[in-house]
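Shown next, in structure tokens, is the structure this report addresses.
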Amino acid sequence: MARPELARFLRDRRERLRPRDLGLPAEPRRRTPGLRREEVAGLATMSVDYYARLEQARGPRPSPRVLDALAGALRLTAAERTHLFRLAGASPTPPAGPARQVRPYVADLLRRMPEAGAIVTNACYDVIGWNPLAEALLGDVGTEPNMARRYFLHTGEPRRTSGSEEYARIVVARLRGAAVRYPHDARLAGLLAQLRAGSEEFVALWDADPVHAPGHRTKTLTHPEAGPLRLNCDVLTVPDDDQQVVFITADPGSPAARALRRLRAAC
């Protein structure tokens with residue numbers, strides 16, 4: 001176990017985090033940058049004394065459970081999580097389930113692209129981040145945030161689009177991959193059970209074992225106010241968190257582009 005290097009790594013990652021990134025109250029004056037030790041300890045559900053001893057290079061060898069808790073509290077990437085385990089002299093364990101938080105830089109990206117609708121989905125197809133234009137196009141995302149349920153079980157506020165068969169294969173291919181990567185995630189298992197029980201289409205596609213890589217798609221979405229819109233969907237992967245950002249745009253100068261401007265102005 002490399003205690004000094006582990007202590008240095010923990011301090012560095014703690015000092016890089018901002019309280020608002022984690023939903024903690026921001027205070028006008030802080031004596032130290034980043035989070036306090038007690039805040040990290042609280043997020044990791046451990047005693048402040050135990051965490052302080054780790055940062056002071058005098059703590060015991062942390063267990064994989066403790067390392068997992070620290071990785072979550074410090075919002076480590078997959079590569080950083082592996083590095084943390086190695087510094088502690090432990091073999092990295094597979095993640096228990098898919099990441100369900102949006103990293104601050106991804107959330108900032110959604111805000112910086114107001115002319116595009118944008119959503120962030122995790123490996124379970126939960127929408128975990130979106131901007132106002134995306135909600136204007138897709139409906140109330142918060143009512144039913146899981147895109148697989150919206151499509152196969154017709155929950156939430158689904159919008160009619162062309163290419164639905166291709167979309168269904170994309171969803172099933174991604175969920176199949178998630179089931180392999182996170183075999184012990186209870187929320188994912190519950191979702192798959194619901195889809196199997198409620199959709200014959202889902203069962204048929206699951207048995208067909210489709211394979212799909214994210215990329216560019218063009219589809220027509222029928223909006224209740226703007227009518228048919230020819231839109232481009234482009235996927236940016238966030239591999240550290242097994243997430244995808246979908247950007248929804250229209251060709252410049254097209255009727256759909258003008259409609260998007262009107263929808264954006266009304267947000």
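So you can find residues: chains in the structure tokens are A, B, ... in the order shown, residues in each start at 1, and ligands are numbered from 1 in order.
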Query raised in the report: Could you pull out all residues of range 62-168 of chain A with a DSSP call of alpha helix (DSSP H) and give them as a VMD selection string?
Result: chain A and resid 64 to 73 78 to 87 104 to 112 132 to 138 147 to 152 164 to 168
Query raised in the report: Which residues, written as a list in words, have at least one atom at most 12 Å from range 110-113 of chain A, with only C-alpha atoms counted and residues fewer than 6 positions away on the same chain left out?
Result: Val102, Arg103, Pro104, Ile119, Val120, Ile128, Gly129, Trp130, Asn131, Pro132, Leu133, Ala134, Leu236, Val245, Val246, Phe247, Ile248, Thr249 and Arg264 of chain A
Query - Surrounding residues of Val172 in chain A excluding itself and chain neighbours under 2 positions, 10 Å, only C-alpha atoms, as a PyMOL selection string - result: chain A and resi 125+148+167-170+174-178+192+202-203+205-212
Query raised in the report: If you count only C-alpha atoms, which residues fall within 10 Å of Val127 in chain A, apart from same-chain ones fewer than 5 positions away, as a list of chain:residue names?
Result: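 Residues meeting the cut-off are A:Arg100, A:Val102, A:Ile119, A:Val120, A:Thr121, A:Asn122, A:Val141, A:Gly142, A:Glu144, A:Pro145, A:Asn146, A:Met147, A:Gln243, A:Gln244, A:Val245.
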Write the residues you've just listed into a file as a PDB file, in the first residue's frame, and include N, CA and C atoms for each of them.
ATOM      1  N   ARG A 100     -25.165   7.379 -12.037  1.00  0.00           N
ATOM      2  CA  ARG A 100     -26.477   8.018 -12.154  1.00  0.00           C
ATOM      3  C   ARG A 100     -26.404   9.513 -11.859  1.00  0.00           C
ATOM      4  N   VAL A 102     -24.666  13.323 -13.298  1.00  0.00           N
ATOM      5  CA  VAL A 102     -24.054  14.007 -14.435  1.00  0.00           C
ATOM      6  C   VAL A 102     -22.857  14.788 -13.932  1.00  0.00           C
ATOM      7  N   ILE A 119     -29.814  15.855 -24.178  1.00  0.00           N
ATOM      8  CA  ILE A 119     -30.126  15.038 -23.006  1.00  0.00           C
ATOM      9  C   ILE A 119     -28.939  14.143 -22.696  1.00  0.00           C
ATOM     10  N   VAL A 120     -28.793  13.785 -21.424  1.00  0.00           N
ATOM     11  CA  VAL A 120     -27.776  12.839 -20.986  1.00  0.00           C
ATOM     12  C   VAL A 120     -28.498  11.598 -20.484  1.00  0.00           C
ATOM     13  N   THR A 121     -28.128  10.439 -21.007  1.00  0.00           N
ATOM     14  CA  THR A 121     -28.723   9.187 -20.545  1.00  0.00           C
ATOM     15  C   THR A 121     -27.625   8.289 -19.971  1.00  0.00           C
ATOM     16  N   ASN A 122     -27.986   7.553 -18.918  1.00  0.00           N
ATOM     17  CA  ASN A 122     -27.030   6.590 -18.379  1.00  0.00           C
ATOM     18  C   ASN A 122     -27.234   5.234 -19.046  1.00  0.00           C
ATOM     19  N   VAL A 141     -39.815  15.436 -19.429  1.00  0.00           N
ATOM     20  CA  VAL A 141     -38.869  14.344 -19.199  1.00  0.00           C
ATOM     21  C   VAL A 141     -38.915  13.879 -17.748  1.00  0.00           C
ATOM     22  N   GLY A 142     -39.173  14.810 -16.829  1.00  0.00           N
ATOM     23  CA  GLY A 142     -39.155  14.451 -15.423  1.00  0.00           C
ATOM     24  C   GLY A 142     -40.269  13.504 -15.008  1.00  0.00           C
ATOM     25  N   GLU A 144     -41.513  10.875 -16.659  1.00  0.00           N
ATOM     26  CA  GLU A 144     -41.020   9.516 -16.924  1.00  0.00           C
ATOM     27  C   GLU A 144     -39.644   9.644 -17.543  1.00  0.00           C
ATOM     28  N   PRO A 145     -38.579   9.609 -16.700  1.00  0.00           N
ATOM     29  CA  PRO A 145     -37.241   9.861 -17.216  1.00  0.00           C
ATOM     30  C   PRO A 145     -36.592   8.694 -17.938  1.00  0.00           C
ATOM     31  N   ASN A 146     -37.209   7.521 -17.896  1.00  0.00           N
ATOM     32  CA  ASN A 146     -36.567   6.380 -18.555  1.00  0.00           C
ATOM     33  C   ASN A 146     -37.088   6.246 -19.980  1.00  0.00           C
ATOM     34  N   MET A 147     -36.177   6.368 -20.951  1.00  0.00           N
ATOM     35  CA  MET A 147     -36.578   6.368 -22.356  1.00  0.00           C
ATOM     36  C   MET A 147     -37.054   4.994 -22.824  1.00  0.00           C
ATOM     37  N   GLN A 243     -22.078   6.816 -20.068  1.00  0.00           N
ATOM     38  CA  GLN A 243     -23.223   7.665 -20.380  1.00  0.00           C
ATOM     39  C   GLN A 243     -23.130   8.175 -21.817  1.00  0.00           C
ATOM     40  N   GLN A 244     -24.252   8.687 -22.308  1.00  0.00           N
ATOM     41  CA  GLN A 244     -24.294   9.260 -23.647  1.00  0.00           C
ATOM     42  C   GLN A 244     -25.000  10.615 -23.592  1.00  0.00           C
ATOM     43  N   VAL A 245     -24.472  11.568 -24.365  1.00  0.00           N
ATOM     44  CA  VAL A 245     -25.129  12.858 -24.559  1.00  0.00           C
ATOM     45  C   VAL A 245     -25.681  12.868 -25.977  1.00  0.00           C
TER      46      VAL A 245
END
